[in-house]
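S.K.: model_25.csv is the file, holding CSV, C-alpha atoms:
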chain,number,residue,atom,x,y,z
P,6,MET,CA,-71.4,10.6,-37.4
P,7,HIS,CA,-72.5,7.7,-39.6
P,8,ASP,CA,-72.2,10.0,-42.7
P,9,LEU,CA,-68.6,10.9,-41.7
P,10,ALA,CA,-67.7,7.3,-41.3
P,11,MET,CA,-69.1,6.5,-44.8
P,12,LYS,CA,-67.1,9.3,-46.3
P,13,GLN,CA,-63.9,7.9,-44.8
P,14,LYS,CA,-64.6,4.4,-45.9
P,15,PRO,CA,-62.9,4.5,-49.4
P,16,LEU,CA,-59.8,6.1,-47.8
P,17,LEU,CA,-59.7,3.5,-45.1
P,18,LEU,CA,-60.1,0.7,-47.7
P,19,LEU,CA,-57.2,2.2,-49.7
P,20,PHE,CA,-55.0,2.3,-46.6
P,21,ALA,CA,-55.9,-1.3,-45.7
P,22,ILE,CA,-55.1,-2.5,-49.2
P,23,PHE,CA,-51.8,-0.8,-49.2
P,24,LEU,CA,-50.8,-2.4,-45.9
P,25,ILE,CA,-52.0,-5.9,-46.9
P,26,ILE,CA,-50.1,-5.8,-50.2
P,27,ASP,CA,-46.9,-4.7,-48.5
P,28,ILE,CA,-47.2,-7.4,-45.8
P,29,LEU,CA,-47.8,-10.1,-48.4
P,30,VAL,CA,-44.7,-9.0,-50.3
P,31,ALA,CA,-42.7,-9.1,-47.1
P,32,ILE,CA,-43.9,-12.6,-46.4
P,33,ILE,CA,-43.4,-14.0,-49.9
P,34,SER,CA,-40.0,-12.2,-50.7
P,35,PRO,CA,-37.8,-14.8,-48.9
P,36,PHE,CA,-38.9,-17.5,-51.4
P,37,PHE,CA,-37.5,-15.5,-54.3
P,38,ILE,CA,-34.6,-13.4,-52.9
P,39,SER,CA,-31.8,-14.7,-50.7
P,40,ALA,CA,-31.2,-12.7,-47.5
P,41,SER,CA,-28.4,-10.3,-47.1
P,42,ILE,CA,-26.5,-9.6,-43.9
P,43,PHE,CA,-27.0,-6.1,-42.7
P,44,PRO,CA,-26.0,-4.2,-39.5
P,45,TYR,CA,-28.1,-4.7,-36.3
P,46,LEU,CA,-29.8,-8.0,-37.7
P,47,ASP,CA,-29.1,-9.7,-34.4
P,48,ASP,CA,-30.8,-6.9,-32.4
P,49,LEU,CA,-33.9,-7.2,-34.6
P,50,GLN,CA,-34.0,-11.0,-34.3
P,51,LYS,CA,-33.9,-10.7,-30.5
P,52,THR,CA,-37.3,-9.1,-30.6
P,53,GLY,CA,-38.8,-12.6,-31.2
P,54,LEU,CA,-41.0,-11.2,-34.0
P,55,PRO,CA,-41.2,-12.9,-37.4
P,56,SER,CA,-38.7,-11.7,-40.0
P,57,PHE,CA,-41.5,-10.1,-42.2
P,58,ILE,CA,-42.3,-7.8,-39.3
P,59,TYR,CA,-38.9,-7.0,-37.8
P,60,SER,CA,-37.5,-6.4,-41.3
P,61,PHE,CA,-39.5,-3.2,-41.5
P,62,ALA,CA,-36.9,-1.8,-39.1
P,63,ASN,CA,-33.9,-2.6,-41.3
P,64,PHE,CA,-30.9,-0.2,-41.3
P,65,ASP,CA,-32.0,3.2,-40.0
P,66,GLY,CA,-35.0,1.7,-38.2
P,67,ALA,CA,-32.7,-0.4,-36.0
P,68,ILE,CA,-30.8,2.8,-35.0
P,69,TYR,CA,-34.0,4.6,-34.1
P,70,LEU,CA,-34.9,1.7,-31.8
P,71,LYS,CA,-31.4,1.8,-30.2
P,72,ILE,CA,-31.8,5.5,-29.5
P,73,ALA,CA,-35.3,4.9,-28.1
P,74,PHE,CA,-34.1,2.1,-25.8
P,75,SER,CA,-30.6,3.4,-24.8
P,76,GLY,CA,-30.6,7.1,-25.7
P,77,TYR,CA,-28.1,8.7,-28.0
P,78,LEU,CA,-25.0,6.5,-28.3
P,79,PRO,CA,-21.7,7.7,-29.8
P,80,LEU,CA,-22.1,8.5,-33.5
P,81,THR,CA,-25.9,8.3,-33.6
P,82,GLN,CA,-26.6,12.0,-33.4
P,83,ALA,CA,-27.3,12.2,-37.2
P,84,PHE,CA,-30.8,10.9,-36.3
P,85,PHE,CA,-33.2,13.5,-35.0
P,86,PRO,CA,-34.9,12.8,-31.7
P,87,LEU,CA,-38.7,13.0,-31.9
P,88,TYR,CA,-39.5,9.6,-33.5
P,89,PRO,CA,-37.4,7.6,-31.0
P,90,LEU,CA,-38.7,9.7,-28.1
P,91,LEU,CA,-42.3,8.8,-29.1
P,92,ILE,CA,-41.3,5.1,-29.2
P,93,ARG,CA,-39.7,5.4,-25.8
P,94,GLY,CA,-42.8,7.2,-24.4
P,95,PHE,CA,-45.1,4.4,-25.6
P,96,SER,CA,-42.8,1.8,-24.2
P,97,HIS,CA,-43.0,3.5,-20.7
P,98,LEU,CA,-46.8,3.8,-20.9
P,99,VAL,CA,-47.6,0.3,-22.2
P,100,PRO,CA,-45.5,-2.8,-21.8
P,101,GLY,CA,-44.5,-4.2,-25.2
P,102,ILE,CA,-41.8,-4.4,-27.9
P,103,PRO,CA,-40.4,-1.0,-28.9
P,104,LEU,CA,-40.4,-2.1,-32.6
P,105,VAL,CA,-44.1,-2.7,-32.5
P,106,PHE,CA,-44.7,0.7,-31.0
P,107,GLY,CA,-42.6,2.2,-33.9
P,108,LEU,CA,-44.8,0.4,-36.4
P,109,ILE,CA,-47.9,1.6,-34.7
P,110,ILE,CA,-46.7,5.2,-34.8
P,111,SER,CA,-45.9,4.9,-38.5
P,112,TYR,CA,-49.2,3.2,-39.4
P,113,SER,CA,-51.2,5.8,-37.4
P,114,SER,CA,-49.2,8.7,-38.9
P,115,LEU,CA,-49.7,7.4,-42.4
P,116,LEU,CA,-53.5,7.1,-41.9
P,117,GLY,CA,-53.6,10.6,-40.4
P,118,THR,CA,-51.6,12.0,-43.3
P,119,LEU,CA,-54.1,10.6,-45.8
P,120,LEU,CA,-57.0,12.1,-44.0
P,121,LEU,CA,-55.4,15.5,-43.4
P,122,LEU,CA,-54.0,15.8,-47.0
P,123,ARG,CA,-57.4,15.0,-48.4
P,124,SER,CA,-59.0,17.8,-46.4
P,125,PHE,CA,-56.2,20.2,-47.1
P,126,LEU,CA,-56.2,19.6,-50.9
P,127,LYS,CA,-59.9,20.2,-51.2
P,128,LYS,CA,-59.2,24.0,-51.4
P,129,LEU,CA,-56.2,23.6,-53.6
P,130,ILE,CA,-57.1,21.1,-56.5
P,131,PRO,CA,-60.2,19.6,-58.0
P,132,GLY,CA,-61.9,17.0,-55.8
P,133,LYS,CA,-61.6,14.2,-58.4
P,134,SER,CA,-57.8,14.6,-58.4
P,135,ILE,CA,-57.3,14.2,-54.7
P,136,ILE,CA,-57.7,10.4,-54.7
P,137,TRP,CA,-55.1,10.3,-57.5
P,138,VAL,CA,-52.6,12.3,-55.4
P,139,LEU,CA,-53.1,9.8,-52.5
P,140,LEU,CA,-52.7,6.8,-54.8
P,141,PHE,CA,-49.5,8.1,-56.2
P,142,ILE,CA,-48.1,8.6,-52.7
P,143,LEU,CA,-49.1,5.1,-51.7
P,144,ALA,CA,-47.8,3.5,-54.9
P,145,PHE,CA,-44.5,5.4,-55.0
P,146,PRO,CA,-41.5,3.0,-55.3
P,147,THR,CA,-40.3,3.8,-51.8
P,148,SER,CA,-43.6,4.4,-50.0
P,149,PHE,CA,-43.1,1.2,-48.0
P,150,PHE,CA,-40.9,3.4,-45.7
P,151,LEU,CA,-44.2,5.0,-44.7
P,152,GLN,CA,-45.1,1.9,-42.8
P,153,SER,CA,-41.6,1.1,-41.6
P,154,VAL,CA,-39.7,2.1,-38.4
P,155,TYR,CA,-38.6,5.3,-40.2
P,156,THR,CA,-39.5,9.0,-39.8
P,157,GLU,CA,-41.2,9.4,-43.2
P,158,SER,CA,-44.8,8.9,-42.1
P,159,LEU,CA,-44.4,10.9,-38.9
P,160,PHE,CA,-42.9,13.8,-40.8
P,161,LEU,CA,-45.6,13.7,-43.5
P,162,PHE,CA,-48.3,13.6,-40.8
P,163,LEU,CA,-46.8,16.6,-39.0
P,164,PHE,CA,-46.4,18.4,-42.3
P,165,ALA,CA,-50.0,17.8,-43.4
P,166,CYS,CA,-51.3,18.6,-39.9
P,167,GLY,CA,-49.3,21.9,-39.9
P,168,LEU,CA,-50.7,22.9,-43.4
P,169,TRP,CA,-54.2,21.9,-42.4
P,170,SER,CA,-54.0,23.8,-39.1
P,171,ILE,CA,-52.8,27.0,-40.8
P,172,GLN,CA,-55.5,26.6,-43.5
P,173,HIS,CA,-58.1,26.5,-40.7
P,174,LYS,CA,-56.4,29.1,-38.5
P,175,LYS,CA,-55.7,26.7,-35.7
P,176,TRP,CA,-52.5,28.4,-34.7
P,177,TYR,CA,-51.6,26.6,-31.5
P,178,LEU,CA,-51.9,23.2,-33.2
P,179,ALA,CA,-49.9,24.5,-36.2
P,180,CYS,CA,-47.2,25.8,-33.8
P,181,ILE,CA,-46.9,22.4,-32.2
P,182,CYS,CA,-46.6,20.7,-35.6
P,183,GLY,CA,-43.9,23.2,-36.7
P,184,ILE,CA,-41.8,22.6,-33.6
P,185,ALA,CA,-42.2,18.9,-34.0
P,186,LEU,CA,-41.2,19.0,-37.7
P,187,GLY,CA,-37.9,20.7,-36.6
P,188,LEU,CA,-37.3,17.8,-34.2
P,189,THR,CA,-38.1,15.1,-36.7
P,190,ARG,CA,-35.9,15.7,-39.7
P,191,LEU,CA,-33.4,18.3,-40.9
P,192,VAL,CA,-35.7,19.3,-43.8
P,193,GLY,CA,-38.3,20.1,-41.2
P,194,LEU,CA,-36.4,23.4,-40.7
P,195,PHE,CA,-37.6,24.4,-44.2
P,196,ALA,CA,-41.2,24.0,-43.4
P,197,VAL,CA,-41.2,27.7,-42.8
P,198,ILE,CA,-41.4,28.1,-46.6
P,199,PRO,CA,-44.8,26.4,-47.2
P,200,PHE,CA,-46.1,27.8,-43.9
P,201,ALA,CA,-45.3,31.3,-45.0
P,202,GLY,CA,-46.7,30.7,-48.5
P,203,LEU,CA,-50.0,29.4,-47.1
P,204,TYR,CA,-50.3,32.4,-44.7
P,205,LEU,CA,-49.5,34.9,-47.5
P,206,GLN,CA,-52.2,33.2,-49.5
P,207,GLN,CA,-54.7,33.8,-46.7
P,208,LEU,CA,-53.7,37.5,-46.5
P,209,ASN,CA,-54.0,37.8,-50.2
P,210,ASP,CA,-57.5,36.2,-50.2
P,211,GLN,CA,-58.7,38.5,-47.5
P,212,LYS,CA,-57.8,41.5,-49.7
P,213,SER,CA,-59.3,44.6,-48.0
P,214,ASP,CA,-59.0,43.0,-44.5
P,215,SER,CA,-55.4,41.9,-45.0
P,216,LYS,CA,-53.8,44.9,-43.3
P,217,ILE,CA,-56.0,44.5,-40.2
P,218,SER,CA,-55.2,40.8,-40.0
P,219,PHE,CA,-51.5,41.5,-40.6
P,220,LYS,CA,-51.3,43.8,-37.6
P,221,GLN,CA,-53.7,42.1,-35.2
P,222,HIS,CA,-52.6,38.5,-35.5
P,223,ILE,CA,-49.0,38.1,-34.3
P,224,PHE,CA,-49.3,34.4,-33.6
P,225,PRO,CA,-49.1,33.3,-37.3
P,226,TYR,CA,-45.6,34.7,-37.4
P,227,VAL,CA,-44.7,32.4,-34.5
P,228,VAL,CA,-46.2,29.5,-36.4
P,229,ILE,CA,-44.2,30.3,-39.5
P,230,VAL,CA,-40.9,30.3,-37.6
P,231,SER,CA,-41.8,27.4,-35.3
P,232,PRO,CA,-39.9,24.7,-37.3
P,233,THR,CA,-36.7,26.7,-36.6
P,234,LEU,CA,-37.4,26.4,-32.9
P,235,GLY,CA,-37.6,22.6,-33.0
P,236,PHE,CA,-34.3,22.6,-35.0
P,237,PHE,CA,-32.5,24.8,-32.6
P,238,ILE,CA,-33.8,22.8,-29.6
P,239,TYR,CA,-32.0,19.7,-31.0
P,240,SER,CA,-28.9,21.7,-32.1
P,241,PHE,CA,-28.5,23.2,-28.6
P,242,TYR,CA,-28.9,19.8,-27.1
P,243,LEU,CA,-26.1,18.5,-29.3
P,244,GLN,CA,-23.9,21.4,-28.3
P,245,TYR,CA,-24.5,20.6,-24.7
P,246,SER,CA,-24.1,16.8,-25.0
P,247,VAL,CA,-21.3,16.4,-27.5
P,248,GLY,CA,-20.0,19.9,-28.0
P,249,ASP,CA,-21.0,20.2,-31.6
P,250,PHE,CA,-24.0,22.3,-32.7
P,251,LEU,CA,-24.0,20.6,-36.1
P,252,ALA,CA,-23.2,17.1,-35.0
P,253,PHE,CA,-26.1,15.7,-37.0
P,254,PHE,CA,-24.4,17.0,-40.2
P,255,HIS,CA,-20.8,16.2,-39.3
P,256,LEU,CA,-21.7,12.6,-38.6
P,257,GLN,CA,-23.3,12.0,-42.0
P,258,PRO,CA,-20.3,10.2,-43.5
P,259,LEU,CA,-20.4,7.7,-40.6
P,260,SER,CA,-24.1,7.1,-40.9
P,261,ASN,CA,-23.7,6.7,-44.7
P,262,ALA,CA,-20.3,6.0,-46.2
P,263,GLY,CA,-21.3,7.6,-49.5
P,264,ARG,CA,-21.9,11.1,-48.0
P,265,SER,CA,-19.5,14.0,-47.5
P,266,THR,CA,-19.5,16.9,-45.1
P,267,SER,CA,-18.1,19.1,-47.9
P,268,LEU,CA,-20.9,20.6,-49.9
P,269,VAL,CA,-21.1,19.1,-53.4
P,270,LEU,CA,-23.2,20.8,-56.1
P,271,LEU,CA,-25.9,18.9,-58.0
P,272,PRO,CA,-24.1,19.0,-61.4
P,273,GLN,CA,-21.1,17.3,-59.8
P,274,VAL,CA,-23.3,14.6,-58.3
P,275,MET,CA,-25.0,14.0,-61.7
P,276,TYR,CA,-21.5,13.7,-63.3
P,277,ARG,CA,-20.5,11.1,-60.8
P,278,TYR,CA,-23.6,9.0,-61.6
P,279,VAL,CA,-23.0,9.2,-65.3
P,280,LYS,CA,-19.5,8.0,-64.7
P,281,ILE,CA,-20.9,5.1,-62.6
P,282,PHE,CA,-23.2,4.1,-65.5
P,283,LEU,CA,-20.3,4.1,-67.9
P,284,THR,CA,-17.7,2.3,-65.8
P,285,ALA,CA,-19.3,0.2,-63.1
P,286,GLN,CA,-20.2,-3.5,-63.3
P,287,LEU,CA,-23.8,-4.5,-63.8
P,288,ASN,CA,-24.9,-5.7,-60.3
P,289,PHE,CA,-27.5,-4.9,-57.6
P,290,GLN,CA,-25.7,-1.6,-56.7
P,291,TYR,CA,-25.8,-0.6,-60.3
P,292,PHE,CA,-29.5,-1.2,-60.4
P,293,ILE,CA,-30.0,0.9,-57.3
P,294,ALA,CA,-27.9,3.7,-58.7
P,295,VAL,CA,-30.1,3.7,-61.8
P,296,ILE,CA,-33.2,3.9,-59.7
P,297,GLU,CA,-31.7,6.8,-57.7
P,298,PHE,CA,-30.9,8.7,-60.8
P,299,ILE,CA,-34.2,8.1,-62.6
P,300,ILE,CA,-36.3,9.1,-59.6
P,301,SER,CA,-34.2,12.1,-58.8
P,302,THR,CA,-34.3,13.5,-62.3
P,303,GLY,CA,-37.9,12.5,-62.8
P,304,VAL,CA,-39.1,14.2,-59.6
P,305,GLY,CA,-36.9,17.2,-60.4
P,306,ALA,CA,-38.4,17.5,-63.9
P,307,VAL,CA,-41.9,17.4,-62.6
P,308,LEU,CA,-41.1,20.1,-59.9
P,309,ALA,CA,-39.5,22.3,-62.6
P,310,TYR,CA,-42.7,22.0,-64.7
P,311,ASP,CA,-44.8,22.9,-61.6
P,312,PHE,CA,-42.6,26.0,-61.1
P,313,TRP,CA,-43.1,27.0,-64.7
P,314,ARG,CA,-46.9,26.7,-64.2
P,315,ILE,CA,-46.6,28.9,-61.1
P,316,TYR,CA,-44.5,31.4,-63.0
P,317,LYS,CA,-47.1,31.5,-65.8
P,318,LYS,CA,-49.8,31.9,-63.1
P,319,LYS,CA,-51.7,28.8,-64.2
P,320,TYR,CA,-52.9,28.1,-60.6
P,321,LYS,CA,-55.3,30.0,-58.4
P,322,GLN,CA,-53.6,29.8,-55.1
P,323,LEU,CA,-50.1,30.9,-56.3
P,324,PHE,CA,-48.5,31.6,-52.9
P,325,THR,CA,-49.6,28.2,-51.5
P,326,ARG,CA,-48.4,26.4,-54.6
P,327,PHE,CA,-45.1,28.3,-54.7
P,328,GLY,CA,-44.4,27.5,-51.0
P,329,LEU,CA,-45.1,23.8,-51.5
P,330,ASN,CA,-43.0,23.8,-54.7
P,331,LEU,CA,-40.0,25.5,-53.2
P,332,PHE,CA,-40.1,23.2,-50.1
P,333,SER,CA,-40.3,20.2,-52.4
P,334,VAL,CA,-37.3,21.4,-54.4
P,335,VAL,CA,-35.3,22.0,-51.2
P,336,ASN,CA,-36.3,18.6,-49.9
P,337,LEU,CA,-35.1,17.0,-53.1
P,338,ILE,CA,-31.8,18.9,-53.4
P,339,LEU,CA,-30.7,19.0,-49.7
P,340,PRO,CA,-29.5,15.4,-49.5
P,341,THR,CA,-27.6,15.7,-52.8
P,342,LEU,CA,-25.3,18.4,-51.2
P,343,THR,CA,-23.5,15.6,-49.5
P,344,GLY,CA,-22.3,14.3,-52.8
P,345,THR,CA,-24.7,11.4,-53.5
P,346,LEU,CA,-28.3,10.6,-54.6
P,347,THR,CA,-28.4,7.8,-52.0
P,348,SER,CA,-31.7,7.9,-50.2
P,349,VAL,CA,-33.2,10.6,-52.5
P,350,PRO,CA,-35.9,8.1,-53.7
P,351,ARG,CA,-37.0,7.9,-50.0
P,352,TYR,CA,-36.7,11.6,-49.3
P,353,ALA,CA,-38.8,12.3,-52.4
P,354,LEU,CA,-41.8,11.1,-50.5
P,355,MET,CA,-41.8,14.6,-48.8
P,356,SER,CA,-41.9,16.5,-52.1
P,357,ILE,CA,-45.6,16.9,-52.0
P,358,SER,CA,-45.9,19.1,-55.1
P,359,PHE,CA,-44.6,16.2,-57.2
P,360,PHE,CA,-47.6,14.1,-56.2
P,361,ILE,CA,-50.0,17.0,-56.6
P,362,VAL,CA,-48.8,17.6,-60.2
P,363,LEU,CA,-49.2,13.9,-61.1
P,364,GLY,CA,-52.6,13.7,-59.5
P,365,THR,CA,-53.9,16.6,-61.4
P,366,MET,CA,-52.8,15.4,-64.9
P,367,GLN,CA,-55.7,15.3,-67.3
P,368,ASN,CA,-54.5,12.2,-69.1
P,369,LYS,CA,-56.0,9.3,-67.2
P,370,GLN,CA,-54.2,6.6,-69.2
P,371,LEU,CA,-50.9,8.2,-68.4
P,372,LYS,CA,-51.8,8.2,-64.7
P,373,ILE,CA,-52.7,4.6,-64.8
P,374,ILE,CA,-49.4,3.7,-66.6
P,375,LEU,CA,-47.4,5.7,-64.0
P,376,LEU,CA,-49.3,4.0,-61.1
P,377,GLY,CA,-48.4,0.6,-62.7
P,378,ILE,CA,-44.7,1.5,-63.0
P,379,PHE,CA,-44.6,2.9,-59.4
P,380,GLY,CA,-46.4,-0.2,-58.1
P,381,LEU,CA,-44.0,-2.7,-59.8
P,382,LEU,CA,-40.9,-0.8,-58.6
P,383,HIS,CA,-42.5,-0.6,-55.2
P,384,ILE,CA,-42.9,-4.4,-55.0
P,385,ILE,CA,-39.3,-5.0,-56.2
P,386,LEU,CA,-37.6,-2.6,-53.9
P,387,LEU,CA,-39.7,-3.7,-50.9
P,388,ALA,CA,-38.8,-7.3,-51.5
P,389,TYR,CA,-35.1,-6.5,-51.5
P,390,PHE,CA,-35.4,-4.2,-48.5
P,391,ILE,CA,-37.2,-6.9,-46.5
P,392,GLN,CA,-34.3,-9.3,-47.3
P,393,GLY,CA,-31.7,-6.8,-46.0
P,394,TYR,CA,-30.6,-5.0,-49.1
P,395,PHE,CA,-30.1,-1.3,-49.0
P,396,VAL,CA,-32.4,0.3,-51.5
P,397,SER,CA,-32.7,3.9,-50.4
In structure tokens, what does this structure look like?
M.R.:
Amino acid sequence: MHDLAMKQKPLLLLFAIFLIIDILVAIISPFFISASIFPYLDDLQKTGLPSFIYSFANFDGAIYLKIAFSGYLPLTQAFFPLYPLLIRGFSHLVPGIPLVFGLIISYSSLLGTLLLLRSFLKKLIPGKSIIWVLLFILAFPTSFFLQSVYTESLFLFLFACGLWSIQHKKWYLACICGIALGLTRLVGLFAVIPFAGLYLQQLNDQKSDSKISFKQHIFPYVVIVSPTLGFFIYSFYLQYSVGDFLAFFHLQPLSNAGRSTSLVLLPQVMYRYVKIFLTAQLNFQYFIAVIEFIISTGVGAVLAYDFWRIYKKKYKQLFTRFGLNLFSVVNLILPTLTGTLTSVPRYALMSISFFIVLGTMQNKQLKIILLGIFGLLHIILLAYFIQGYFVS
């Protein structure tokens, strides 16, 4: 037990440093950046918590808290139910402030994600690269959402837990994680891709025993499709409650004015951003548009390189890597179909192949430089987010 605790010590230290730095930025940011008025500010102030705490529930976080406290109100169905349900469940079990429970869920999920990812990646990449993968996740420009009242950390935890469970053939736990993913975010529906890739890899590794395993173990198939079950549970609830099976999609323009319910192809989105850069005034929104464009194209380029490596069979576990890559690509492209790159820097946190590629680079100096750039952008975006500016 003592040896296990010692092995986790570096990871726990990394987690603590990450939280402390972000909290310090949240405390200091008001001295350098003037506050912006954003929706639901009054509701957050009523919690009685200091601004550097309640500001971690800015924008979408405040809506999740409203859903947790009052259930689905009109026009809030774009937000999937599991995260607010967990907050509500904690509030019933233990007296306290729902916002605090949201933060506890996010903190716990983030720590669980780091632990599970480290274990899962041991069979996928060299051991020395794993800490780099985790560092890139924590330092990423928008990773402060992992400790905010948002679904990012919960989703990553469920995703990592599902992968780890399949890897260790813990099918019941994997099935629970799959259903939960479909109830947490729309992209959870596409977790069937890496789940299937990981199971195909197991069948391939078993070789001569693969046919026996294929026939005898029906439950892995249930696990693979389990994310669709979670998705359909919420969709049927929407059909029953508001008469719209796809209400979460049809309400996107109301939850974000820049989105459209008509599918927009990626080249059209990129053209729009180039037009913005050539015609728009230099201001904060211009800066955010540049960040959205750079992160989207940068992550996309890394994923394209990863796919090329898979195509050239440069990796050992090809099915697993392909499943993770394809999921990462879908995760990156899915929000752009609404006609904007808004929030893509935040959604990119779920594109796990991106971080694996960065973590396994051989050039240590380049990795340090990238970490420095990530960390600087992280501090800048967090400082503005805490002061009520929409950054992703």
S.K.: Rounded to one decimal, what separation in Å do you get between CA of Val230 (chain P) and CA of Leu346 (chain P)?
M.R.: 28.9 Å
S.K.: What is the distance, in Å and to one decimal place, between CA of Leu387 (chain P) and CA of Phe332 (chain P)?
M.R.: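 Value for the CA of Leu387 (chain P)-CA of Phe332 (chain P) distance: 26.9 Å.
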S.K.: Counting all atoms listed in the file, find residues at most 9 Å from (-39.2, 17.7, -51.8) (file frame) and give them as a PyMOL selection string.
M.R.: chain P and resi 192+304-305+308+329-339+352-359
S.K.: Please produce a file of the residues just selected, as a tab-separated table (two decimals), in the frame of the given file, where the atoms kept are C-alpha atoms.
M.R.:
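Output contents, as saved in part-v1.tsv:
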chain	number	residue	atom	x	y	z
P	192	VAL	CA	-35.70	19.30	-43.80
P	304	VAL	CA	-39.10	14.20	-59.60
P	305	GLY	CA	-36.90	17.20	-60.40
P	308	LEU	CA	-41.10	20.10	-59.90
P	329	LEU	CA	-45.10	23.80	-51.50
P	330	ASN	CA	-43.00	23.80	-54.70
P	331	LEU	CA	-40.00	25.50	-53.20
P	332	PHE	CA	-40.10	23.20	-50.10
P	333	SER	CA	-40.30	20.20	-52.40
P	334	VAL	CA	-37.30	21.40	-54.40
P	335	VAL	CA	-35.30	22.00	-51.20
P	336	ASN	CA	-36.30	18.60	-49.90
P	337	LEU	CA	-35.10	17.00	-53.10
P	338	ILE	CA	-31.80	18.90	-53.40
P	339	LEU	CA	-30.70	19.00	-49.70
P	352	TYR	CA	-36.70	11.60	-49.30
P	353	ALA	CA	-38.80	12.30	-52.40
P	354	LEU	CA	-41.80	11.10	-50.50
P	355	MET	CA	-41.80	14.60	-48.80
P	356	SER	CA	-41.90	16.50	-52.10
P	357	ILE	CA	-45.60	16.90	-52.00
P	358	SER	CA	-45.90	19.10	-55.10
P	359	PHE	CA	-44.60	16.20	-57.20
S.K.: As an exercise, work out the distance from CA of Tyr320 (chain P) to CA of Leu194 (chain P) in Å and give it to one decimal place.
M.R.: 26.3 Å
S.K.: With all atoms listed in the file as the basis for distance, which of P:Leu203, P:Ile300, P:Ala40, P:Leu186 is at the shortest distance from Phe324 (chain P)?
M.R.: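 Looking at the shortest contact to Phe324 (chain P), the residue is P:Leu203.
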S.K.: Counting all atoms listed in the file, what is within 9 Å of region 105-118 of chain P, bar same-chain residues fewer than 6 positions away, as a ChimeraX atom specification?
M.R.: /P:16-17,20,24,58-59,61-62,66,69-70,88-89,91-93,95-96,150-166
S.K.: Pick the closest to Gly132 (chain P) from P:Thr284, P:Gln290, P:Thr365, P:Ser231: which is it, counting all atoms listed in the file?
M.R.: P:Thr365
S.K.: Write out as a PyMOL selection string the residues lying within 8 Å of Leu256 (chain P), counting all atoms listed in the file and excluding same-chain residues fewer than 4 positions away.
M.R.: chain P and resi 80-83+252+260
S.K.: Pull the neighbourhood of (-51.2, 25.1, -43.1) for me: all residues within 10 Å in file coordinates, counting only C-alpha atoms, as a PyMOL selection string.
M.R.: chain P and resi 125+164-176+179+182-183+199-204+228-229+325
S.K.: Using all atoms listed in the file for the distances, tell me which of P:Leu234, P:Leu381, P:Ile102, P:Ala67 is nearest to Gly187 (chain P).
M.R.: P:Leu234
S.K.: For region 36-142 of chain P against region 237-250 of chain P, with a cut-off of 10 Å and counting all atoms listed in the file, what is the closest atom pair and its distance in Å to one decimal for every residue that makes the cut, ordered by chain and number, as a Markdown table?
M.R.:
| residue | atom | partner | partner_atom | distance |
| --- | --- | --- | --- | --- |
| P:Tyr77 | CA | P:Ser246 | CA | 9.5 |
| P:Pro79 | CA | P:Val247 | CA | 9.0 |
| P:Leu80 | CA | P:Val247 | CA | 10.0 |
| P:Gln82 | CA | P:Leu243 | CA | 7.7 |
| P:Phe85 | CA | P:Tyr239 | CA | 7.5 |
| P:Pro86 | CA | P:Tyr239 | CA | 7.5 |
| P:Leu87 | CA | P:Tyr239 | CA | 9.5 |
S.K.: When you count all atoms listed in the file, which of these residues is closest to Val197 (chain P): P:Lys127, P:Phe236, P:Asn209, P:Pro100?
M.R.: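 For Val197 (chain P), the nearest of the candidates is P:Phe236.
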S.K.: Would you mind putting N, CA and C atoms back on region 350-359 of chain P and writing the result as a tab-separated table (two decimals), keeping the file's coordinate frame?
M.R.:
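After the write, out24.tsv holds the following:
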chain	number	residue	atom	x	y	z
P	350	PRO	N	-34.56	8.73	-53.41
P	350	PRO	CA	-35.90	8.10	-53.70
P	350	PRO	C	-36.78	8.06	-52.46
P	351	ARG	N	-36.16	7.93	-51.28
P	351	ARG	CA	-37.00	7.90	-50.00
P	351	ARG	C	-37.33	9.32	-49.62
P	352	TYR	N	-36.38	10.24	-49.70
P	352	TYR	CA	-36.70	11.60	-49.30
P	352	TYR	C	-37.72	12.25	-50.24
P	353	ALA	N	-37.79	11.76	-51.48
P	353	ALA	CA	-38.80	12.30	-52.40
P	353	ALA	C	-40.19	12.19	-51.96
P	354	LEU	N	-40.44	11.30	-51.01
P	354	LEU	CA	-41.80	11.10	-50.50
P	354	LEU	C	-42.30	12.44	-49.84
P	355	MET	N	-41.40	13.31	-49.39
P	355	MET	CA	-41.80	14.60	-48.80
P	355	MET	C	-42.02	15.69	-49.78
P	356	SER	N	-41.68	15.45	-51.05
P	356	SER	CA	-41.90	16.50	-52.10
P	356	SER	C	-43.31	16.44	-52.57
P	357	ILE	N	-44.18	17.01	-51.78
P	357	ILE	CA	-45.60	16.90	-52.00
P	357	ILE	C	-46.10	17.46	-53.29
P	358	SER	N	-45.43	18.50	-53.79
P	358	SER	CA	-45.90	19.10	-55.10
P	358	SER	C	-45.74	18.12	-56.21
P	359	PHE	N	-44.77	17.23	-56.15
P	359	PHE	CA	-44.60	16.20	-57.20
P	359	PHE	C	-45.87	15.37	-57.31
